[in-house]
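Here is the structure we will look at, set down as structure tokens.
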Amino acid sequence: RNNLSGLRAPTSTPAAVEMLPAFACLAIAARAARPLTISPQARAPAAACSATDFTLTDPAFALRRYLQLRAVLAGAPMADSTVESLVCRIEEATGPTPFDERKIWGDWQLCWQKNSREAAASQKALAPLPQYSNFMLDESGVKVFRNIVALTKRLRVVADVEYTAPEADCGTPGRLGSVIRRATLELRVGQRWGWRPIGLPLPLRGEGWLEVVYLSDGMRITRGNRGGVFVHLRPELLTERAAWPAVGGGSGTHRMAGRR
């Protein structure tokens, strides 16, 4: 269901933004908000969540727009510590997020992640590659979030993680119990003739939890039991058509910053 070969490079964009800096992207993203101010703590490599890191009326809007623009514009990305500070501001603004299966259902593309020291070696190794995490029913009708990592155009790692919704009266309303149901290395060839993917089982096992700390129709933020932070957007938001209105369109060419 996902285009794992990456997004096509745009063909009509202002040449003036060919190397648009990350903070310029964020300034455009937050144009409807108050001016952005960045504290010394936000610039630090290990920035802590602080109410003074940003002055934004809508940090969730700013983060989503920045990630959209980063997918289609060239330029240096924002420091991870700055993105994490935005994530912290979003959590502070929204408070605990109850799990909403209807809203989270469907396809999601990973746009930013922070791996902790305790993260699995495989997670760290695969981090630079295009990834998806889709809430769906597997072939047996079990509710899972399917993690997909595109190694090449035809080769991908697929891991189905069965999840358990939180109890209604628990103290962590967004925390899902999770256990890896299956993992496979898939080779996708002959699709035009209706061939099924060739799968090689992988010995990936584990259980833990995934906590949804922010969820809207277009963006979700989750934290894992090993300390990782993950920001996903709906794939349709990461196209030129969806992202480009944020900077007004125009003519010219530029190099695409998205992964292939």
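Ordering of the structure tokens sets the chain letters (A, B, ...); residue numbers start at 1 within each chain; ligands are numbered from 1 in the order shown.
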Quick one: everything within 7 Å of Thr164 (chain A), counting only C-alpha atoms, minus sequence neighbours fewer than 4 positions away in the same chain. Send it as a list of chain:residue names.
->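 The neighbour list is A:Leu176, A:Gly177, A:Ser178.
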Export of the given selection (N, CA and C atoms) as a CSV table (one decimal), in the first residue's frame:
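The new file out08.csv reads:
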chain,number,residue,atom,x,y,z
A,176,LEU,N,0.0,1.4,25.0
A,176,LEU,CA,-0.4,0.1,24.4
A,176,LEU,C,0.6,-0.9,24.8
A,177,GLY,N,0.1,-2.1,25.3
A,177,GLY,CA,1.0,-3.2,25.5
A,177,GLY,C,1.3,-3.8,24.1
A,178,SER,N,2.5,-4.3,23.9
A,178,SER,CA,2.9,-4.7,22.6
A,178,SER,C,3.8,-5.9,22.6
Could you please write out, as number ranges by chain, every residue of region 23-191 of chain A that DSSP assigns to strand (DSSP E or B)?
-> A: 106, 109-114, 131-137, 143-150, 155-164, 175-187
Using only C-alpha atoms, which residues sit within 9 Å of region 188-200 of chain A once same-chain residues fewer than 6 positions away are excluded, as an mmCIF file with C-alpha atoms, in the first residue's frame?
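Saved the output as around.cif:
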data_model
loop_
_atom_site.group_PDB
_atom_site.id
_atom_site.type_symbol
_atom_site.label_atom_id
_atom_site.label_comp_id
_atom_site.auth_asym_id
_atom_site.auth_seq_id
_atom_site.Cartn_x
_atom_site.Cartn_y
_atom_site.Cartn_z
ATOM 1 C CA LYS A 153 12.849 -0.639 -3.755
ATOM 2 C CA ARG A 154 11.970 -4.365 -3.657
ATOM 3 C CA LEU A 155 13.438 -5.560 -0.348
ATOM 4 C CA ARG A 156 11.923 -4.648 2.991
#
Would you please give, as an MDAnalysis selection string, all residues of region 26-254 of chain A that DSSP assigns to alpha helix (DSSP H) based on the backbone?
-> chainID A and resid 26:29 40:43 59:72 80:94 101:104 121:126 240:243
Would you mind exporting C-alpha atoms of the selected residues as a CSV table (one decimal), in the first residue's frame?
chain,number,residue,atom,x,y,z
A,26,LEU,CA,10.1,26.6,10.8
A,27,ALA,CA,9.6,30.4,10.6
A,28,ILE,CA,7.4,29.8,7.6
A,29,ALA,CA,5.6,27.0,9.3
A,40,PRO,CA,20.1,28.4,25.3
A,41,GLN,CA,18.6,25.2,26.7
A,42,ALA,CA,17.0,24.3,23.4
A,43,ARG,CA,20.3,24.6,21.6
A,59,PRO,CA,3.8,23.9,18.5
A,60,ALA,CA,2.0,20.9,17.0
A,61,PHE,CA,1.2,22.9,13.8
A,62,ALA,CA,4.8,24.2,13.7
A,63,LEU,CA,6.3,20.6,14.0
A,64,ARG,CA,4.0,19.2,11.4
A,65,ARG,CA,4.7,22.0,8.9
A,66,TYR,CA,8.5,21.7,9.5
A,67,LEU,CA,8.4,17.9,8.8
A,68,GLN,CA,6.3,18.5,5.7
A,69,LEU,CA,8.7,21.1,4.4
A,70,ARG,CA,11.7,19.0,5.2
A,71,ALA,CA,10.3,16.2,3.0
A,72,VAL,CA,10.4,18.4,-0.1
A,80,ASP,CA,17.4,17.0,17.1
A,81,SER,CA,17.4,18.7,20.5
A,82,THR,CA,15.3,21.5,19.0
A,83,VAL,CA,12.8,19.1,17.5
A,84,GLU,CA,12.6,17.3,20.9
A,85,SER,CA,11.9,20.5,22.6
A,86,LEU,CA,9.0,21.0,20.3
A,87,VAL,CA,7.8,17.5,21.1
A,88,CYS,CA,8.0,18.4,24.8
A,89,ARG,CA,6.0,21.6,24.3
A,90,ILE,CA,3.3,19.6,22.5
A,91,GLU,CA,3.1,17.1,25.4
A,92,GLU,CA,2.9,20.0,27.9
A,93,ALA,CA,0.1,21.7,25.9
A,94,THR,CA,-2.1,18.6,25.4
A,101,GLU,CA,-8.1,3.5,17.7
A,102,ARG,CA,-10.4,5.1,15.1
A,103,LYS,CA,-8.2,8.1,14.7
A,104,ILE,CA,-4.9,6.2,14.7
A,121,ALA,CA,20.8,-2.5,17.7
A,122,SER,CA,18.5,-3.3,14.7
A,123,GLN,CA,16.4,-0.2,15.4
A,124,LYS,CA,19.6,2.0,15.4
A,125,ALA,CA,20.9,0.3,12.2
A,126,LEU,CA,17.7,0.8,10.3
A,240,GLU,CA,4.7,18.3,-2.8
A,241,ARG,CA,1.1,19.0,-3.4
A,242,ALA,CA,0.3,18.9,0.4
A,243,ALA,CA,3.5,20.6,1.6
Non-local contacts of Glu139 (chain A) (12 Å; only C-alpha atoms; under 4 positions in same chain excluded) as a PDB file with C-alpha atoms, in the first residue's frame:
ATOM      1  CA  LYS A 143      -5.002  -5.890  15.267  1.00  0.00           C
ATOM      2  CA  VAL A 144      -1.358  -4.892  14.835  1.00  0.00           C
ATOM      3  CA  ARG A 146       2.900  -3.104  11.052  1.00  0.00           C
ATOM      4  CA  ASP A 160       3.831  -7.064  12.928  1.00  0.00           C
ATOM      5  CA  ARG A 181       3.866 -11.273  16.416  1.00  0.00           C
ATOM      6  CA  ARG A 182       6.050 -11.980  13.395  1.00  0.00           C
TER       7      ARG A 182
END
Quick one: residues within 6 Å of region 228-236 of chain A, only C-alpha atoms, excluding same-chain residues fewer than 6 positions away - as a PDB file with N, CA and C atoms, in the first residue's frame?
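To be explicit, this is the file written out as part.pdb:
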ATOM      1  N   TRP A 108       0.950   5.388   8.321  1.00  0.00           N
ATOM      2  CA  TRP A 108       1.756   6.455   8.898  1.00  0.00           C
ATOM      3  C   TRP A 108       3.196   6.304   8.422  1.00  0.00           C
ATOM      4  N   GLN A 109       3.836   7.419   8.103  1.00  0.00           N
ATOM      5  CA  GLN A 109       5.240   7.401   7.704  1.00  0.00           C
ATOM      6  C   GLN A 109       6.090   8.064   8.784  1.00  0.00           C
ATOM      7  N   LEU A 110       7.192   7.399   9.139  1.00  0.00           N
ATOM      8  CA  LEU A 110       8.094   7.946  10.151  1.00  0.00           C
ATOM      9  C   LEU A 110       8.859   9.130   9.571  1.00  0.00           C
ATOM     10  N   CYS A 111       8.819  10.257  10.292  1.00  0.00           N
ATOM     11  CA  CYS A 111       9.479  11.479   9.827  1.00  0.00           C
ATOM     12  C   CYS A 111      10.646  11.900  10.710  1.00  0.00           C
ATOM     13  N   TRP A 112      10.610  11.525  11.969  1.00  0.00           N
ATOM     14  CA  TRP A 112      11.703  11.887  12.887  1.00  0.00           C
ATOM     15  C   TRP A 112      11.706  10.903  14.032  1.00  0.00           C
ATOM     16  N   GLN A 113      12.892  10.536  14.497  1.00  0.00           N
ATOM     17  CA  GLN A 113      12.976   9.662  15.662  1.00  0.00           C
ATOM     18  C   GLN A 113      14.224   9.965  16.466  1.00  0.00           C
ATOM     19  N   LYS A 114      14.131   9.668  17.743  1.00  0.00           N
ATOM     20  CA  LYS A 114      15.283   9.746  18.642  1.00  0.00           C
ATOM     21  C   LYS A 114      15.460   8.378  19.268  1.00  0.00           C
ATOM     22  N   ASN A 115      16.639   7.801  19.077  1.00  0.00           N
ATOM     23  CA  ASN A 115      16.935   6.502  19.670  1.00  0.00           C
ATOM     24  C   ASN A 115      17.712   6.696  20.968  1.00  0.00           C
ATOM     25  N   SER A 116      17.306   5.995  21.991  1.00  0.00           N
ATOM     26  CA  SER A 116      18.016   6.061  23.263  1.00  0.00           C
ATOM     27  C   SER A 116      19.199   5.092  23.232  1.00  0.00           C
ATOM     28  N   GLY A 218      -3.501  14.083  11.343  1.00  0.00           N
ATOM     29  CA  GLY A 218      -2.352  14.045  10.449  1.00  0.00           C
ATOM     30  C   GLY A 218      -1.024  13.715  11.081  1.00  0.00           C
ATOM     31  N   MET A 219      -0.906  13.775  12.415  1.00  0.00           N
ATOM     32  CA  MET A 219       0.383  13.547  13.063  1.00  0.00           C
ATOM     33  C   MET A 219       0.204  12.754  14.350  1.00  0.00           C
ATOM     34  N   ARG A 220       1.144  11.874  14.620  1.00  0.00           N
ATOM     35  CA  ARG A 220       1.142  11.159  15.887  1.00  0.00           C
ATOM     36  C   ARG A 220       2.556  11.162  16.455  1.00  0.00           C
ATOM     37  N   ILE A 221       2.647  11.254  17.779  1.00  0.00           N
ATOM     38  CA  ILE A 221       3.924  11.201  18.491  1.00  0.00           C
ATOM     39  C   ILE A 221       3.828  10.089  19.510  1.00  0.00           C
ATOM     40  N   THR A 222       4.816   9.212  19.527  1.00  0.00           N
ATOM     41  CA  THR A 222       4.818   8.090  20.459  1.00  0.00           C
ATOM     42  C   THR A 222       6.165   7.984  21.162  1.00  0.00           C
TER      43      THR A 222
END
What does the distance between CA of Phe135 (chain A) and CA of Leu73 (chain A) come to in Å, to one decimal place?
->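 Between CA of Phe135 (chain A) and CA of Leu73 (chain A) the gap works out to 28.4 Å.
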